[in-house]
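Heads up: the structure comes next, in structure tokens.
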Amino acid sequence: MKVPLLDLKLQYQAIKEEVLKVTEEIFESQYFILGPHVEALEKEIAEYCSSKHSVGVSSGTDALLISLMAADIGAGDSVITPTYTFFATAGSIARAGATPVFADIDYKTYNISSESICRVIDDMTVEERGKLKAIIPVHLYGQCCDMDSILEIAEKYNLVVIEDAAQAIGAEYKARRAGSMGDFGCFSFFPSKNLGAFGDGGIVTTNSDEFFDRLRLLRVHGSHLKYYHKKVGGNFRLDALQAAIVSIKLNYLDGWTEARQANADKYRELFIDAGLDNIVNLPTEKENRHIYNQFVISLKEKRDDLRIFLNDSSIGTEVYYPVPMHLQDCFSYLNYKKGDFPVSEYAASHTLALPVYPELSYEQQAYVVEKIKEFYL
């Protein structure tokens, strides 16, 4: 039996007619950049995420970068973010000219630890604290961070909060949607995301009229009126084609989320029935709406050997993420060392993502658990 990590072909079959219809419309119009499809998606996403505004951009990475730019964060500034995350989070801080300051994660949720943020700030000198301008919490794997604590810290130190919600569209924290709690919410429409385009794309949410205006300005080279530039911006525009496809998929998103949540529940039953609950640590649902962009387990031993075994059994897996940011070569100038963030380092060497996409069958899930049982028992 084959169990891919993700099967987008199955998803496509459910929406194929709608996609072909709207793409033909766009091809006939020859209106490819921004325009009515982008504007429509912006309204839909703002409503879905319980935010006042949203601005379509070229990718989830650019969503982070343009948010930093809109907040006037750059050279001489520093930004706290988790070391255990996808590269774009820390990379965008560096690309803006600021300095990433890393914090550790919670060992159950893999999200940034509020206690670690406080320790990081406490360890700063007065001068370093004066350079600190923002926090970028990452709602990893589809579950929101402890936002009350993070917002409290941000208020105390007058920090901008940029939610990296690339993996968390529709996730909730105490009935508040991801992307609606901070100053900015950054989303990715990379094809493998729960809400994915047919290429790169992203969006930024905000409740601030001022930030909304800045975002719209910056995504077109800092110009509201063509050829007249108020700021140095960038080419961060969202394609009309991608916006139209994401808009179609948005109508299906809640159903797909429910299927992912059901698959997560099935995995829990299967792992317990297989007697693997002492070997496999299953995801913790701390918040009230985990959307399961990934289903990530933690293994006490032999993670890499298990992954090879599952691959040989035609089961797709992935390691998110094998090297924390503080140990990446490109950030060696920050002078972090191994052992600085033990929870993140443990997660990097012990976690494994299993298939959890909506179309996954019970038989496929049972096969995955059966093979893991075969490996360990």
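We label chains A, B, ... in the order they appear in the structure tokens, count residues from 1 in each chain, and number ligands from 1 in the order shown.
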(request) Might you pull out every residue within 12 Å of range 114-123 of chain A, with only C-alpha atoms counted and same-chain residues fewer than 5 positions away left off, and present them as an MDAnalysis selection string? (result) chainID A and resid 78:83 100:107 128:137 145:154 156:157 159 340:344
When DSSP is applied to the backbone of this structure, which of range 39-122 of chain A are assigned strand (DSSP E or B)? Write them out as a PDB file with N, CA and C atoms, in the first residue's frame.
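Result file part.pdb:
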```
ATOM      1  N   HIS A  53      -8.640  43.937   7.809  1.00  0.00           N
ATOM      2  CA  HIS A  53      -8.052  44.060   6.474  1.00  0.00           C
ATOM      3  C   HIS A  53      -7.205  42.833   6.148  1.00  0.00           C
ATOM      4  N   SER A  54      -6.976  42.617   4.863  1.00  0.00           N
ATOM      5  CA  SER A  54      -5.919  41.705   4.429  1.00  0.00           C
ATOM      6  C   SER A  54      -5.361  42.200   3.107  1.00  0.00           C
ATOM      7  N   VAL A  55      -4.095  41.892   2.861  1.00  0.00           N
ATOM      8  CA  VAL A  55      -3.389  42.342   1.664  1.00  0.00           C
ATOM      9  C   VAL A  55      -2.700  41.144   1.039  1.00  0.00           C
ATOM     10  N   GLY A  56      -3.091  40.791  -0.177  1.00  0.00           N
ATOM     11  CA  GLY A  56      -2.482  39.666  -0.868  1.00  0.00           C
ATOM     12  C   GLY A  56      -1.063  39.979  -1.300  1.00  0.00           C
ATOM     13  N   VAL A  57      -0.166  39.018  -1.079  1.00  0.00           N
ATOM     14  CA  VAL A  57       1.247  39.198  -1.433  1.00  0.00           C
ATOM     15  C   VAL A  57       1.765  37.949  -2.141  1.00  0.00           C
ATOM     16  N   SER A  78      16.153  44.445  16.680  1.00  0.00           N
ATOM     17  CA  SER A  78      16.158  43.004  16.893  1.00  0.00           C
ATOM     18  C   SER A  78      14.735  42.503  17.092  1.00  0.00           C
ATOM     19  N   VAL A  79      14.543  41.217  16.773  1.00  0.00           N
ATOM     20  CA  VAL A  79      13.217  40.603  16.806  1.00  0.00           C
ATOM     21  C   VAL A  79      13.326  39.213  17.421  1.00  0.00           C
ATOM     22  N   ILE A  80      12.491  38.927  18.416  1.00  0.00           N
ATOM     23  CA  ILE A  80      12.478  37.603  19.039  1.00  0.00           C
ATOM     24  C   ILE A  80      11.593  36.665  18.232  1.00  0.00           C
ATOM     25  N   THR A  81      12.071  35.459  18.000  1.00  0.00           N
ATOM     26  CA  THR A  81      11.308  34.443  17.280  1.00  0.00           C
ATOM     27  C   THR A  81      11.812  33.069  17.724  1.00  0.00           C
ATOM     28  N   PRO A  82      11.030  32.010  17.538  1.00  0.00           N
ATOM     29  CA  PRO A  82      11.505  30.692  17.949  1.00  0.00           C
ATOM     30  C   PRO A  82      12.635  30.193  17.060  1.00  0.00           C
ATOM     31  N   THR A  99      18.167  41.878  13.537  1.00  0.00           N
ATOM     32  CA  THR A  99      18.855  40.740  14.125  1.00  0.00           C
ATOM     33  C   THR A  99      17.859  39.763  14.743  1.00  0.00           C
ATOM     34  N   PRO A 100      17.869  38.494  14.324  1.00  0.00           N
ATOM     35  CA  PRO A 100      17.013  37.509  14.985  1.00  0.00           C
ATOM     36  C   PRO A 100      17.536  37.202  16.389  1.00  0.00           C
ATOM     37  N   VAL A 101      16.636  37.165  17.343  1.00  0.00           N
ATOM     38  CA  VAL A 101      16.961  36.765  18.711  1.00  0.00           C
ATOM     39  C   VAL A 101      16.100  35.539  18.999  1.00  0.00           C
ATOM     40  N   PHE A 102      16.742  34.405  19.246  1.00  0.00           N
ATOM     41  CA  PHE A 102      15.995  33.158  19.322  1.00  0.00           C
ATOM     42  C   PHE A 102      15.525  32.829  20.733  1.00  0.00           C
ATOM     43  N   ALA A 103      14.391  32.130  20.776  1.00  0.00           N
ATOM     44  CA  ALA A 103      13.843  31.632  22.032  1.00  0.00           C
ATOM     45  C   ALA A 103      13.499  30.158  21.850  1.00  0.00           C
ATOM     46  N   ILE A 105      11.146  26.552  22.677  1.00  0.00           N
ATOM     47  CA  ILE A 105       9.747  26.196  22.464  1.00  0.00           C
ATOM     48  C   ILE A 105       9.188  25.416  23.647  1.00  0.00           C
ATOM     49  N   ILE A 112       6.514  28.612  20.428  1.00  0.00           N
ATOM     50  CA  ILE A 112       7.435  29.404  21.234  1.00  0.00           C
ATOM     51  C   ILE A 112       6.972  29.461  22.687  1.00  0.00           C
TER      52      ILE A 112
END
```
(request) Go through A:Asp265, A:Glu374, A:Asp312, A:Asp239 one by one, measure the shortest atom-to-atom distance of each to Gly201 in chain A using only C-alpha atoms, and give the residue with the smallest value. (result) A:Asp239
(request) Give me the residues within 10 Å of Phe86 in chain A as JSON, numbers by chain, counting only C-alpha atoms and dropping any in the same chain fewer than 5 places off. (result) {"A": [61, 91, 138, 140, 166, 320, 321, 323, 324, 325]}
(message) Which residues are close to Ile315 in chain A, i.e. within 7 Å by only C-alpha atoms, leaving aside same-chain residues fewer than 5 positions away? Reply as a PyMOL selection string.
(response) chain A and resi 2-4+310+368
(request) Name the residues in contact with Leu241 in chain A at a cut-off of 8 Å, using only C-alpha atoms, excluding same-chain residues fewer than 6 positions from it; report them as a list in words. (result)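 Returned residues: Thr23, Ile26, Phe32 and His37 of chain A.
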Since we have the selection now, will you write its residues out, keeping N, CA and C atoms, as an mmCIF file, in the first residue's frame?
```cif
data_model
loop_
_atom_site.group_PDB
_atom_site.id
_atom_site.type_symbol
_atom_site.label_atom_id
_atom_site.label_comp_id
_atom_site.auth_asym_id
_atom_site.auth_seq_id
_atom_site.Cartn_x
_atom_site.Cartn_y
_atom_site.Cartn_z
ATOM 1 N N THR A 23 -9.841 29.759 -14.418
ATOM 2 C CA THR A 23 -8.579 29.999 -15.129
ATOM 3 C C THR A 23 -8.842 30.406 -16.572
ATOM 4 N N ILE A 26 -9.716 34.029 -16.567
ATOM 5 C CA ILE A 26 -8.537 34.891 -16.400
ATOM 6 C C ILE A 26 -7.707 34.925 -17.677
ATOM 7 N N PHE A 32 -3.673 39.511 -15.109
ATOM 8 C CA PHE A 32 -2.966 38.519 -14.305
ATOM 9 C C PHE A 32 -2.464 39.023 -12.951
ATOM 10 N N HIS A 37 -9.963 39.667 -8.698
ATOM 11 C CA HIS A 37 -9.858 38.380 -8.014
ATOM 12 C C HIS A 37 -9.040 38.509 -6.726
#
```
(message) Please determine, counting only C-alpha atoms, which residue among A:Leu270, A:Ile203, A:Ile45, A:Cys144 has the shortest atom-to-atom distance to Leu64 in chain A.
(response) A:Ile203
(message) as a list in words, please: the residues near Glu363 in chain A (cut-off 12 Å, only C-alpha atoms, same-chain neighbours under 3 positions excluded).
(response)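 Residues near the query, excluding close chain neighbours: Met1, Lys2, Val3, Asn263, Lys266, Tyr267, Leu270, Glu359, Leu360, Ala366, Tyr367, Val368, Val369 and Glu370 of chain A.
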(message) Counting only C-alpha atoms, which residue out of A:Gly275, A:Tyr333, A:Gly35, A:Ile93 sits closest to Ile66 in chain A?
(response)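 Closest candidate: A:Ile93.
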Find the residues near range 293-301 of chain A: any atom within 6 Å, counting only C-alpha atoms, skip ones fewer than 3 places away on the same chain, and give them as a compact mmCIF listing (two decimals) with N, CA and C atoms, in the first residue's frame.
```txt
# COMPACT_ATOMS: atom_id res chain seq x y z
N TYR A 141 2.51 23.94 13.00
CA TYR A 141 1.77 22.71 12.69
C TYR A 141 0.25 22.89 12.70
N GLY A 142 -0.24 24.12 12.88
CA GLY A 142 -1.67 24.35 12.84
C GLY A 142 -2.30 24.64 14.18
N GLN A 167 1.11 28.14 8.73
CA GLN A 167 0.58 26.79 8.84
C GLN A 167 -0.75 26.74 9.60
N ASN A 194 -2.66 23.83 4.13
CA ASN A 194 -4.08 23.47 4.19
C ASN A 194 -4.90 24.24 3.17
N VAL A 280 5.44 6.38 21.36
CA VAL A 280 5.13 7.51 20.49
C VAL A 280 4.39 8.58 21.29
N ASN A 281 4.93 9.78 21.31
CA ASN A 281 4.22 10.91 21.91
C ASN A 281 3.40 11.59 20.82
N LEU A 282 2.09 11.60 21.01
CA LEU A 282 1.18 12.15 20.02
C LEU A 282 1.00 13.65 20.21
N HIS A 350 13.88 14.22 17.21
CA HIS A 350 12.95 13.17 17.65
C HIS A 350 11.56 13.25 17.02
N THR A 351 11.26 14.28 16.25
CA THR A 351 9.90 14.40 15.71
C THR A 351 9.81 13.93 14.26
N LEU A 352 8.60 13.52 13.90
CA LEU A 352 8.36 13.02 12.55
C LEU A 352 6.91 13.33 12.17
N ALA A 353 6.70 13.88 10.98
CA ALA A 353 5.37 14.19 10.48
C ALA A 353 4.84 13.01 9.67
N LEU A 354 3.59 12.63 9.98
CA LEU A 354 2.91 11.55 9.27
C LEU A 354 1.84 12.11 8.35
```
(request) Kindly give the distance, in Å, that separates CA of Asp304 in chain A and CA of Gly316 in chain A, rounded to a single decimal. (result) 13.1 Å
(message) I need the residue nearest Ala98 in chain A from this list: A:Met69, A:Thr257, A:Asn311, A:Tyr357. Use only C-alpha atoms for the distance.
(response) A:Met69
